[in-house]
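Coordinates from coords05.pdb are shown below (PDB, C-alpha atoms).
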ATOM      1  CA  MET I   1      89.309 246.827 -55.142
ATOM      2  CA  SER I   2      88.537 245.823 -51.562
ATOM      3  CA  LYS I   3      87.090 242.414 -50.651
ATOM      4  CA  LEU I   4      83.965 244.215 -49.403
ATOM      5  CA  CYS I   5      83.422 245.853 -52.789
ATOM      6  CA  LEU I   6      83.974 242.573 -54.588
ATOM      7  CA  CYS I   7      81.415 240.839 -52.364
ATOM      8  CA  SER I   8      78.908 243.661 -52.891
ATOM      9  CA  LEU I   9      79.392 243.489 -56.645
ATOM     10  CA  LEU I  10      78.945 239.704 -56.662
ATOM     11  CA  PHE I  11      75.805 239.968 -54.538
ATOM     12  CA  GLY I  12      74.406 242.570 -56.900
ATOM     13  CA  VAL I  13      74.985 240.343 -59.926
ATOM     14  CA  LEU I  14      73.433 237.313 -58.236
ATOM     15  CA  TYR I  15      70.451 239.363 -57.085
ATOM     16  CA  SER I  16      69.913 240.695 -60.601
ATOM     17  CA  VAL I  17      69.990 237.158 -62.014
ATOM     18  CA  ALA I  18      67.504 235.975 -59.378
ATOM     19  CA  VAL I  19      65.104 238.853 -60.052
ATOM     20  CA  GLN I  20      65.237 238.215 -63.786
ATOM     21  CA  SER I  21      64.969 234.419 -63.464
ATOM     22  CA  GLN I  22      61.410 234.413 -64.733
ATOM     23  CA  SER I  23      62.060 236.782 -67.635
ATOM     24  CA  TRP I  24      64.665 234.562 -69.269
ATOM     25  CA  ALA I  25      62.198 231.694 -69.131
ATOM     26  CA  GLN I  26      59.605 233.629 -71.131
ATOM     27  CA  PRO I  27      59.372 232.283 -74.697
ATOM     28  CA  VAL I  28      58.933 234.533 -77.716
ATOM     29  CA  GLU I  29      55.456 234.763 -79.193
ATOM     30  CA  ASN I  30      54.041 231.909 -81.208
ATOM     31  CA  ASP I  31      56.881 229.463 -80.577
ATOM     32  CA  SER I  32      54.466 226.868 -79.130
ATOM     33  CA  PHE I  33      55.970 226.769 -75.634
ATOM     34  CA  LEU I  34      53.294 226.393 -72.964
ATOM     35  CA  LEU I  35      55.488 227.544 -70.088
ATOM     36  CA  PRO I  36      53.990 231.074 -69.662
ATOM     37  CA  ALA I  37      50.508 229.636 -69.149
ATOM     38  CA  LEU I  38      51.857 227.017 -66.747
ATOM     39  CA  GLU I  39      53.602 229.754 -64.756
ATOM     40  CA  GLU I  40      50.321 231.675 -64.533
ATOM     41  CA  ILE I  41      48.547 228.620 -63.161
ATOM     42  CA  ALA I  42      51.355 228.168 -60.634
ATOM     43  CA  HIS I  43      51.187 231.770 -59.408
ATOM     44  CA  LYS I  44      47.419 231.591 -59.019
ATOM     45  CA  ASP I  45      47.963 228.515 -56.855
ATOM     46  CA  GLY I  46      49.802 230.590 -54.262
ATOM     47  CA  ASP I  47      53.266 229.607 -55.423
ATOM     48  CA  ARG I  48      53.054 226.117 -53.963
ATOM     49  CA  ILE I  49      54.757 224.987 -57.163
ATOM     50  CA  PHE I  50      58.507 225.563 -56.919
ATOM     51  CA  SER I  51      59.728 225.107 -60.484
ATOM     52  CA  ILE I  52      58.646 223.987 -63.943
ATOM     53  CA  CYS I  53      60.823 222.793 -66.803
ATOM     54  CA  GLU I  54      59.485 222.399 -70.321
ATOM     55  CA  ILE I  55      61.397 220.696 -73.128
ATOM     56  CA  TYR I  56      60.019 221.179 -76.621
ATOM     57  CA  LYS I  57      61.695 220.664 -79.986
ATOM     58  CA  GLY I  58      64.940 219.914 -78.196
ATOM     59  CA  GLU I  59      64.996 223.210 -76.283
ATOM     60  CA  SER I  60      64.755 223.313 -72.495
ATOM     61  CA  ARG I  61      63.324 226.248 -70.540
ATOM     62  CA  THR I  62      62.915 226.456 -66.785
ATOM     63  CA  ALA I  63      60.743 228.780 -64.706
ATOM     64  CA  ILE I  64      61.539 229.281 -61.037
ATOM     65  CA  ILE I  65      58.197 230.062 -59.459
ATOM     66  CA  ARG I  66      59.340 230.007 -55.863
ATOM     67  CA  PRO I  67      63.104 230.376 -55.324
ATOM     68  CA  ASN I  68      64.255 227.440 -53.273
ATOM     69  CA  ILE I  69      66.965 224.814 -53.210
ATOM     70  CA  ARG I  70      67.873 223.356 -56.610
ATOM     71  CA  CYS I  71      67.305 219.687 -55.775
ATOM     72  CA  HIS I  72      64.118 218.245 -54.334
ATOM     73  CA  ASN I  73      62.875 214.784 -53.446
ATOM     74  CA  ALA I  74      61.307 213.366 -56.595
ATOM     75  CA  TYR I  75      59.384 210.908 -54.398
ATOM     76  CA  SER I  76      57.764 208.233 -56.570
ATOM     77  CA  VAL I  77      59.164 209.630 -59.809
ATOM     78  CA  ALA I  78      62.272 207.793 -58.568
ATOM     79  CA  LYS I  79      60.519 204.543 -59.479
ATOM     80  CA  LEU I  80      60.711 205.447 -63.161
ATOM     81  CA  PHE I  81      64.480 205.891 -62.853
ATOM     82  CA  THR I  82      64.704 202.402 -61.363
ATOM     83  CA  VAL I  83      62.711 201.037 -64.309
ATOM     84  CA  ILE I  84      65.201 202.664 -66.678
ATOM     85  CA  ALA I  85      68.105 201.024 -64.824
ATOM     86  CA  LEU I  86      66.473 197.620 -65.294
ATOM     87  CA  GLY I  87      65.820 198.382 -68.947
ATOM     88  CA  ILE I  88      69.476 199.219 -69.525
ATOM     89  CA  MET I  89      70.400 195.961 -67.803
ATOM     90  CA  GLU I  90      68.083 194.007 -70.089
ATOM     91  CA  ASP I  91      69.554 195.745 -73.124
ATOM     92  CA  LYS I  92      72.991 194.611 -71.947
ATOM     93  CA  GLY I  93      71.805 191.019 -71.520
ATOM     94  CA  ILE I  94      72.232 191.101 -67.732
ATOM     95  CA  ILE I  95      68.589 190.304 -66.954
ATOM     96  CA  ASP I  96      65.353 189.332 -68.625
ATOM     97  CA  ILE I  97      62.585 191.601 -67.355
ATOM     98  CA  ASP I  98      60.312 188.561 -67.045
ATOM     99  CA  GLU I  99      62.741 186.331 -65.167
ATOM    100  CA  PRO I 100      61.934 185.288 -61.572
ATOM    101  CA  VAL I 101      63.273 187.297 -58.660
ATOM    102  CA  PHE I 102      63.759 184.341 -56.287
ATOM    103  CA  PRO I 103      66.992 182.936 -57.789
ATOM    104  CA  ILE I 104      68.516 186.439 -57.784
ATOM    105  CA  LEU I 105      67.723 187.126 -54.119
ATOM    106  CA  LYS I 106      67.698 183.544 -52.838
ATOM    107  CA  SER I 107      70.435 184.115 -50.258
ATOM    108  CA  HIS I 108      68.420 186.922 -48.665
ATOM    109  CA  PHE I 109      65.214 184.981 -47.996
ATOM    110  CA  PRO I 110      64.380 183.718 -44.501
ATOM    111  CA  GLU I 111      64.457 179.981 -43.874
ATOM    112  CA  LYS I 112      60.667 179.884 -43.929
ATOM    113  CA  TYR I 113      59.250 181.995 -46.717
ATOM    114  CA  ASP I 114      55.987 182.036 -48.608
ATOM    115  CA  PRO I 115      56.364 179.680 -51.618
ATOM    116  CA  LYS I 116      54.532 182.232 -53.768
ATOM    117  CA  TRP I 117      57.750 184.261 -53.794
ATOM    118  CA  GLU I 118      59.227 181.737 -56.213
ATOM    119  CA  LYS I 119      56.682 182.867 -58.838
ATOM    120  CA  VAL I 120      57.415 186.599 -58.613
ATOM    121  CA  LYS I 121      58.989 188.033 -61.766
ATOM    122  CA  ILE I 122      60.903 191.290 -62.145
ATOM    123  CA  SER I 123      58.057 192.565 -64.314
ATOM    124  CA  ASP I 124      55.627 191.820 -61.462
ATOM    125  CA  VAL I 125      57.809 193.906 -59.162
ATOM    126  CA  ILE I 126      57.830 197.009 -61.383
ATOM    127  CA  ARG I 127      54.092 196.677 -62.071
ATOM    128  CA  HIS I 128      53.226 196.452 -58.356
ATOM    129  CA  ARG I 129      51.900 192.919 -58.723
ATOM    130  CA  VAL I 130      54.144 191.115 -56.249
ATOM    131  CA  GLY I 131      51.198 189.785 -54.256
ATOM    132  CA  PHE I 132      51.463 191.993 -51.153
ATOM    133  CA  SER I 133      48.352 192.216 -49.019
ATOM    134  CA  LYS I 134      48.532 195.928 -48.206
ATOM    135  CA  ALA I 135      49.598 199.154 -49.881
ATOM    136  CA  GLY I 136      52.223 201.390 -48.332
ATOM    137  CA  LEU I 137      54.677 198.676 -47.338
ATOM    138  CA  LEU I 138      58.141 200.134 -46.607
ATOM    139  CA  ASP I 139      56.937 203.713 -46.971
ATOM    140  CA  ILE I 140      60.031 205.604 -45.894
ATOM    141  CA  ASP I 141      58.391 208.976 -46.664
ATOM    142  CA  ALA I 142      55.495 208.469 -44.255
ATOM    143  CA  ASP I 143      56.726 206.014 -41.617
ATOM    144  CA  ASP I 144      59.461 206.187 -38.988
ATOM    145  CA  SER I 145      62.108 203.920 -40.496
ATOM    146  CA  SER I 146      64.067 203.913 -37.226
ATOM    147  CA  THR I 147      61.390 201.570 -35.856
ATOM    148  CA  TRP I 148      61.886 199.034 -38.646
ATOM    149  CA  PRO I 149      64.178 196.011 -38.392
ATOM    150  CA  ARG I 150      67.664 196.970 -39.515
ATOM    151  CA  ASN I 151      67.547 194.461 -42.367
ATOM    152  CA  PHE I 152      64.916 196.060 -44.602
ATOM    153  CA  LEU I 153      65.170 193.359 -47.269
ATOM    154  CA  LEU I 154      64.696 190.457 -44.885
ATOM    155  CA  SER I 155      61.640 192.210 -43.497
ATOM    156  CA  VAL I 156      60.139 192.579 -46.992
ATOM    157  CA  LEU I 157      60.958 189.032 -48.106
ATOM    158  CA  SER I 158      59.407 187.656 -44.910
ATOM    159  CA  GLU I 159      56.022 189.032 -45.968
ATOM    160  CA  LYS I 160      53.279 186.507 -46.691
ATOM    161  CA  LEU I 161      51.861 187.113 -50.159
ATOM    162  CA  GLU I 162      48.090 187.247 -50.101
ATOM    163  CA  TYR I 163      47.657 187.260 -53.883
ATOM    164  CA  GLU I 164      49.180 185.235 -56.662
ATOM    165  CA  PRO I 165      52.123 187.120 -58.202
ATOM    166  CA  GLY I 166      51.038 189.063 -61.268
ATOM    167  CA  GLU I 167      47.396 188.980 -60.205
ATOM    168  CA  LYS I 168      46.570 192.141 -58.276
ATOM    169  CA  TYR I 169      47.928 195.693 -58.348
ATOM    170  CA  VAL I 170      48.967 196.811 -54.839
ATOM    171  CA  TYR I 171      51.145 199.932 -54.812
ATOM    172  CA  THR I 172      54.137 199.737 -52.461
ATOM    173  CA  ASP I 173      57.638 201.171 -52.139
ATOM    174  CA  ALA I 174      58.726 197.698 -51.075
ATOM    175  CA  ALA I 175      58.411 196.470 -54.667
ATOM    176  CA  PHE I 176      60.953 198.961 -55.952
ATOM    177  CA  TYR I 177      63.272 198.338 -53.038
ATOM    178  CA  ILE I 178      63.338 194.743 -54.301
ATOM    179  CA  ALA I 179      64.130 196.108 -57.774
ATOM    180  CA  SER I 180      67.010 198.116 -56.325
ATOM    181  CA  TYR I 181      68.428 194.921 -54.826
ATOM    182  CA  VAL I 182      68.052 193.133 -58.171
ATOM    183  CA  VAL I 183      70.309 195.801 -59.698
ATOM    184  CA  TYR I 184      72.861 195.276 -56.928
ATOM    185  CA  GLU I 185      72.871 191.481 -57.080
ATOM    186  CA  LYS I 186      73.062 191.303 -60.881
ATOM    187  CA  THR I 187      75.619 194.059 -61.512
ATOM    188  CA  GLY I 188      77.618 194.300 -58.296
ATOM    189  CA  GLN I 189      76.799 198.024 -58.323
ATOM    190  CA  LYS I 190      74.326 199.791 -56.097
ATOM    191  CA  LEU I 191      71.441 201.415 -57.943
ATOM    192  CA  ASN I 192      72.898 204.890 -57.458
ATOM    193  CA  GLU I 193      76.284 203.815 -58.816
ATOM    194  CA  PHE I 194      74.661 202.173 -61.831
ATOM    195  CA  LEU I 195      72.402 205.140 -62.609
ATOM    196  CA  ILE I 196      75.218 207.664 -62.292
ATOM    197  CA  LYS I 197      77.358 205.788 -64.799
ATOM    198  CA  GLU I 198      74.678 204.666 -67.237
ATOM    199  CA  LEU I 199      72.178 207.547 -67.104
ATOM    200  CA  PHE I 200      73.121 210.622 -65.077
ATOM    201  CA  GLU I 201      76.537 211.207 -66.612
ATOM    202  CA  PRO I 202      75.389 210.705 -70.241
ATOM    203  CA  LEU I 203      72.454 213.074 -69.606
ATOM    204  CA  LYS I 204      74.776 215.531 -67.806
ATOM    205  CA  PHE I 205      72.861 215.690 -64.532
ATOM    206  CA  LYS I 206      74.215 218.470 -62.338
ATOM    207  CA  GLU I 207      73.522 217.285 -58.786
ATOM    208  CA  TYR I 208      71.815 214.321 -57.142
ATOM    209  CA  ALA I 209      71.492 212.318 -53.941
ATOM    210  CA  PHE I 210      69.796 209.085 -52.875
ATOM    211  CA  SER I 211      68.046 207.854 -49.737
ATOM    212  CA  THR I 212      69.320 204.417 -48.711
ATOM    213  CA  ASP I 213      68.758 201.620 -46.240
ATOM    214  CA  PRO I 214      71.223 201.169 -43.330
ATOM    215  CA  ASP I 215      73.552 199.215 -45.639
ATOM    216  CA  GLY I 216      73.674 201.947 -48.272
ATOM    217  CA  ILE I 217      71.300 200.281 -50.765
ATOM    218  CA  PRO I 218      69.061 202.930 -52.377
ATOM    219  CA  ILE I 219      65.365 202.576 -51.623
ATOM    220  CA  GLY I 220      64.665 202.675 -55.366
ATOM    221  CA  ALA I 221      61.077 203.811 -54.866
ATOM    222  CA  THR I 222      61.664 207.309 -53.503
ATOM    223  CA  GLY I 223      64.360 209.486 -52.023
ATOM    224  CA  LEU I 224      65.988 210.586 -55.276
ATOM    225  CA  TYR I 225      66.982 214.253 -55.002
ATOM    226  CA  ILE I 226      67.451 215.986 -58.360
ATOM    227  CA  SER I 227      66.725 219.290 -60.114
ATOM    228  CA  VAL I 228      63.611 219.895 -62.181
ATOM    229  CA  ASP I 229      65.527 220.331 -65.432
ATOM    230  CA  ASP I 230      67.440 217.096 -64.886
ATOM    231  CA  MET I 231      64.193 215.263 -64.198
ATOM    232  CA  ALA I 232      62.851 216.584 -67.502
ATOM    233  CA  LYS I 233      65.842 215.089 -69.333
ATOM    234  CA  LEU I 234      64.588 211.602 -68.516
ATOM    235  CA  GLY I 235      61.325 212.427 -70.249
ATOM    236  CA  GLU I 236      63.194 213.842 -73.244
ATOM    237  CA  MET I 237      65.088 210.581 -73.604
ATOM    238  CA  LEU I 238      61.862 208.577 -73.445
ATOM    239  CA  VAL I 239      59.897 210.632 -75.999
ATOM    240  CA  ASN I 240      62.867 210.261 -78.334
ATOM    241  CA  ASP I 241      62.605 206.471 -78.135
ATOM    242  CA  GLY I 242      65.623 205.978 -75.869
ATOM    243  CA  GLN I 243      68.006 208.509 -77.399
ATOM    244  CA  TYR I 244      69.330 211.693 -75.807
ATOM    245  CA  LYS I 245      70.964 214.318 -78.031
ATOM    246  CA  GLY I 246      71.670 211.617 -80.587
ATOM    247  CA  ARG I 247      73.158 209.155 -78.077
ATOM    248  CA  ARG I 248      71.432 205.822 -77.512
ATOM    249  CA  ILE I 249      70.720 205.313 -73.786
ATOM    250  CA  LEU I 250      67.925 202.742 -73.894
ATOM    251  CA  SER I 251      66.677 200.505 -76.672
ATOM    252  CA  GLU I 252      63.564 201.570 -78.543
ATOM    253  CA  ARG I 253      62.231 198.073 -77.883
ATOM    254  CA  PHE I 254      62.359 198.547 -74.099
ATOM    255  CA  VAL I 255      60.959 202.078 -74.312
ATOM    256  CA  ASN I 256      57.938 200.753 -76.197
ATOM    257  CA  GLU I 257      57.575 197.945 -73.674
ATOM    258  CA  ALA I 258      57.723 200.369 -70.752
ATOM    259  CA  PHE I 259      54.888 202.414 -72.244
ATOM    260  CA  SER I 260      52.751 199.477 -73.342
ATOM    261  CA  ARG I 261      53.140 197.468 -70.116
ATOM    262  CA  THR I 262      52.821 200.490 -67.797
ATOM    263  CA  PHE I 263      56.263 200.237 -66.218
ATOM    264  CA  GLU I 264      55.577 203.389 -64.140
ATOM    265  CA  LEU I 265      54.429 205.284 -67.231
ATOM    266  CA  TYR I 266      50.711 205.900 -66.802
ATOM    267  CA  PRO I 267      48.487 206.924 -69.766
ATOM    268  CA  LEU I 268      46.809 210.319 -69.437
ATOM    269  CA  ASP I 269      44.754 210.378 -72.629
ATOM    270  CA  SER I 270      42.752 207.980 -74.757
ATOM    271  CA  GLU I 271      44.986 208.415 -77.810
ATOM    272  CA  GLY I 272      48.015 206.782 -76.220
ATOM    273  CA  SER I 273      50.178 209.887 -76.657
ATOM    274  CA  ALA I 274      50.375 211.543 -73.233
ATOM    275  CA  PHE I 275      51.820 209.803 -70.192
ATOM    276  CA  GLY I 276      52.793 210.843 -66.707
ATOM    277  CA  LYS I 277      54.471 209.816 -63.518
ATOM    278  CA  GLY I 278      53.784 211.651 -60.279
ATOM    279  CA  GLY I 279      55.063 211.914 -56.732
ATOM    280  CA  MET I 280      53.222 212.135 -53.436
ATOM    281  CA  ASN I 281      53.620 215.869 -52.787
ATOM    282  CA  GLY I 282      52.930 217.255 -56.234
ATOM    283  CA  GLN I 283      55.789 216.158 -58.443
ATOM    284  CA  LEU I 284      55.031 215.449 -62.081
ATOM    285  CA  LEU I 285      56.851 214.216 -65.130
ATOM    286  CA  TYR I 286      54.582 214.693 -68.151
ATOM    287  CA  LEU I 287      55.581 213.458 -71.592
ATOM    288  CA  ASN I 288      53.849 213.326 -74.945
ATOM    289  CA  ARG I 289      55.201 210.816 -77.440
ATOM    290  CA  ARG I 290      53.498 212.478 -80.401
ATOM    291  CA  THR I 291      54.436 216.128 -79.813
ATOM    292  CA  LYS I 292      57.731 215.242 -78.053
ATOM    293  CA  ARG I 293      56.879 217.743 -75.311
ATOM    294  CA  VAL I 294      58.099 217.124 -71.759
ATOM    295  CA  VAL I 295      57.121 219.032 -68.611
ATOM    296  CA  ALA I 296      58.623 218.421 -65.179
ATOM    297  CA  ILE I 297      57.301 219.982 -61.986
ATOM    298  CA  PHE I 298      58.429 220.141 -58.376
ATOM    299  CA  SER I 299      55.961 221.420 -55.799
ATOM    300  CA  TYR I 300      54.596 220.880 -52.348
ATOM    301  CA  LEU I 301      50.912 220.044 -52.690
ATOM    302  CA  GLY I 302      50.613 222.328 -55.692
ATOM    303  CA  ASP I 303      47.695 222.352 -58.110
ATOM    304  CA  VAL I 304      49.340 219.914 -60.487
ATOM    305  CA  ASP I 305      45.935 218.666 -61.639
ATOM    306  CA  SER I 306      45.207 222.030 -63.266
ATOM    307  CA  ILE I 307      48.534 221.965 -65.059
ATOM    308  CA  ARG I 308      47.957 218.400 -66.210
ATOM    309  CA  LYS I 309      44.506 219.364 -67.499
ATOM    310  CA  TYR I 310      45.917 222.373 -69.330
ATOM    311  CA  LEU I 311      48.600 220.244 -70.969
ATOM    312  CA  LEU I 312      46.107 217.646 -72.143
ATOM    313  CA  GLU I 313      43.899 220.355 -73.649
ATOM    314  CA  ASN I 314      46.658 222.343 -75.342
ATOM    315  CA  ASP I 315      49.517 219.969 -76.123
ATOM    316  CA  LYS I 316      48.185 218.989 -79.542
TER     317      LYS I 316
END

Would you give me this structure, written as structure tokens?
Amino acid sequence: MSKLCLCSLLFGVLYSVAVQSQSWAQPVENDSFLLPALEEIAHKDGDRIFSICEIYKGESRTAIIRPNIRCHNAYSVAKLFTVIALGIMEDKGIIDIDEPVFPILKSHFPEKYDPKWEKVKISDVIRHRVGFSKAGLLDIDADDSSTWPRNFLLSVLSEKLEYEPGEKYVYTDAAFYIASYVVYEKTGQKLNEFLIKELFEPLKFKEYAFSTDPDGIPIGATGLYISVDDMAKLGEMLVNDGQYKGRRILSERFVNEAFSRTFELYPLDSEGSAFGKGGMNGQLLYLNRRTKRVVAIFSYLGDVDSIRKYLLENDK
């Protein structure tokens, strides 16, 4: 057979798979998957949602609404991955989540720094209660990072803290960049290296990439590029109290702490069952601790609110 025929045959197979990509995602009747309804919402939204993955009763199904590249920027969902890295470190006895940050990063502070920094705990960092005066600090997704000082960390640690650490919630990417550096200083591994070994490989992630500072330290707050089904695996591990396919990844103690102390897991209902973490352009990781259902979404300004509302009404 000629090379041309082989190429034509391969193209035909790939095209057939692409055309049928939605049909294989359709669940059989009455199996309690919500994916068909979520797909309908996505199509009505003008296909601004790229892909949806639902995991229910241990089974994962993915719908490709708008064929695109496999991996997308998870934006702020990346923060939850950084929390998990810190949780694994605490489980290993490397850190205490409530220990101060200053001794860990002492060598990176400027000669004259705000004394309030000495009161900042790791838990303050991952709860956005560092004491920063303004939101949006170190926003690599919105700002031109080429205009920043080359030493991102020195720039952040030179900030004057307006509020007492632990006092006021001010959402910034800078907080999770600090967390990324805590991982590096305490383990000798960059956040990406640590996550690949301790989380991505055990969960069998297929492909991933990380945005970093000029020295190769991951931002920690954003810039994690993954697939929708791999993002859903994180939720599956969390709703199963730190286990994935029978393998312990994270202690049940830390999982409960992450939910109860809002370590980037935000309650969506009054019963304390449904939680979510979103990203700036319509990313969502939804998880329900009672039903064990997980839904992950990648989109660009899609109608994620309608999907979230549908899930809260029907995931019972």

Nearest residue to Glu164 in chain I from the set I:Lys121, I:Lys116, I:Lys206, I:Lys197 (distances using only C-alpha atoms): I:Lys116

Protein/DNA/RNA residues near (56.8, 221.1, -70.5), cut 12 Å, all atoms listed in the file, as a ChimeraX atom specification: /I:25,32-39,51-63,228-229,231-233,235-236,274,276,284-288,291-297,307-308,310-312,314-315

Among the residues I:Thr172, I:Ser145, I:Gln243, I:Thr187, the one that comes closest to Pro202 in chain I [using all atoms listed in the file]: I:Gln243

Minimum-distance residue to Gln189 in chain I, chosen among I:Pro218, I:Pro67, I:Tyr171, I:Asp303 (using all atoms listed in the file):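 Nearest to Gln189 in chain I: I:Pro218.
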
Selection result for the PyMOL selection byres ((chain I and resi 248-253) around 10) on this file, as JSON, numbers by chain: {"I": [84, 85, 87, 88, 89, 90, 91, 92, 198, 199, 202, 203, 237, 238, 240, 241, 242, 243, 244, 245, 246, 247, 254, 255, 256, 257, 258]}

Could you write out that same residue set with C-alpha atoms as a PDB file, keeping the file's coordinate frame?
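For reference, again25.pdb as written:
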ATOM      1  CA  ILE I  84      65.201 202.664 -66.678  1.00  0.00           C
ATOM      2  CA  ALA I  85      68.105 201.024 -64.824  1.00  0.00           C
ATOM      3  CA  GLY I  87      65.820 198.382 -68.947  1.00  0.00           C
ATOM      4  CA  ILE I  88      69.476 199.219 -69.525  1.00  0.00           C
ATOM      5  CA  MET I  89      70.400 195.961 -67.803  1.00  0.00           C
ATOM      6  CA  GLU I  90      68.083 194.007 -70.089  1.00  0.00           C
ATOM      7  CA  ASP I  91      69.554 195.745 -73.124  1.00  0.00           C
ATOM      8  CA  LYS I  92      72.991 194.611 -71.947  1.00  0.00           C
ATOM      9  CA  GLU I 198      74.678 204.666 -67.237  1.00  0.00           C
ATOM     10  CA  LEU I 199      72.178 207.547 -67.104  1.00  0.00           C
ATOM     11  CA  PRO I 202      75.389 210.705 -70.241  1.00  0.00           C
ATOM     12  CA  LEU I 203      72.454 213.074 -69.606  1.00  0.00           C
ATOM     13  CA  MET I 237      65.088 210.581 -73.604  1.00  0.00           C
ATOM     14  CA  LEU I 238      61.862 208.577 -73.445  1.00  0.00           C
ATOM     15  CA  ASN I 240      62.867 210.261 -78.334  1.00  0.00           C
ATOM     16  CA  ASP I 241      62.605 206.471 -78.135  1.00  0.00           C
ATOM     17  CA  GLY I 242      65.623 205.978 -75.869  1.00  0.00           C
ATOM     18  CA  GLN I 243      68.006 208.509 -77.399  1.00  0.00           C
ATOM     19  CA  TYR I 244      69.330 211.693 -75.807  1.00  0.00           C
ATOM     20  CA  LYS I 245      70.964 214.318 -78.031  1.00  0.00           C
ATOM     21  CA  GLY I 246      71.670 211.617 -80.587  1.00  0.00           C
ATOM     22  CA  ARG I 247      73.158 209.155 -78.077  1.00  0.00           C
ATOM     23  CA  PHE I 254      62.359 198.547 -74.099  1.00  0.00           C
ATOM     24  CA  VAL I 255      60.959 202.078 -74.312  1.00  0.00           C
ATOM     25  CA  ASN I 256      57.938 200.753 -76.197  1.00  0.00           C
ATOM     26  CA  GLU I 257      57.575 197.945 -73.674  1.00  0.00           C
ATOM     27  CA  ALA I 258      57.723 200.369 -70.752  1.00  0.00           C
TER      28      ALA I 258
END

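Relative to CA of Ser107 in chain I, CA of Lys168 in chain I is found at 26.4 Å.
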
Each residue of range 165-188 of chain I lying at most 10 Å from range 96-105 of chain I should get a row with its shortest atom-to-atom pair and the distance in Å to one decimal, counting only C-alpha atoms; could you produce that, ordered by chain and increasing number, as a tab-separated table?
residue	atom	partner	partner_atom	distance
I:Ile178	CA	I:Val101	CA	8.6
I:Ala179	CA	I:Val101	CA	8.9
I:Tyr181	CA	I:Leu105	CA	7.9
I:Val182	CA	I:Ile104	CA	6.7
I:Val183	CA	I:Ile104	CA	9.7
I:Tyr184	CA	I:Ile104	CA	9.9
I:Glu185	CA	I:Ile104	CA	6.7
I:Lys186	CA	I:Ile104	CA	7.3
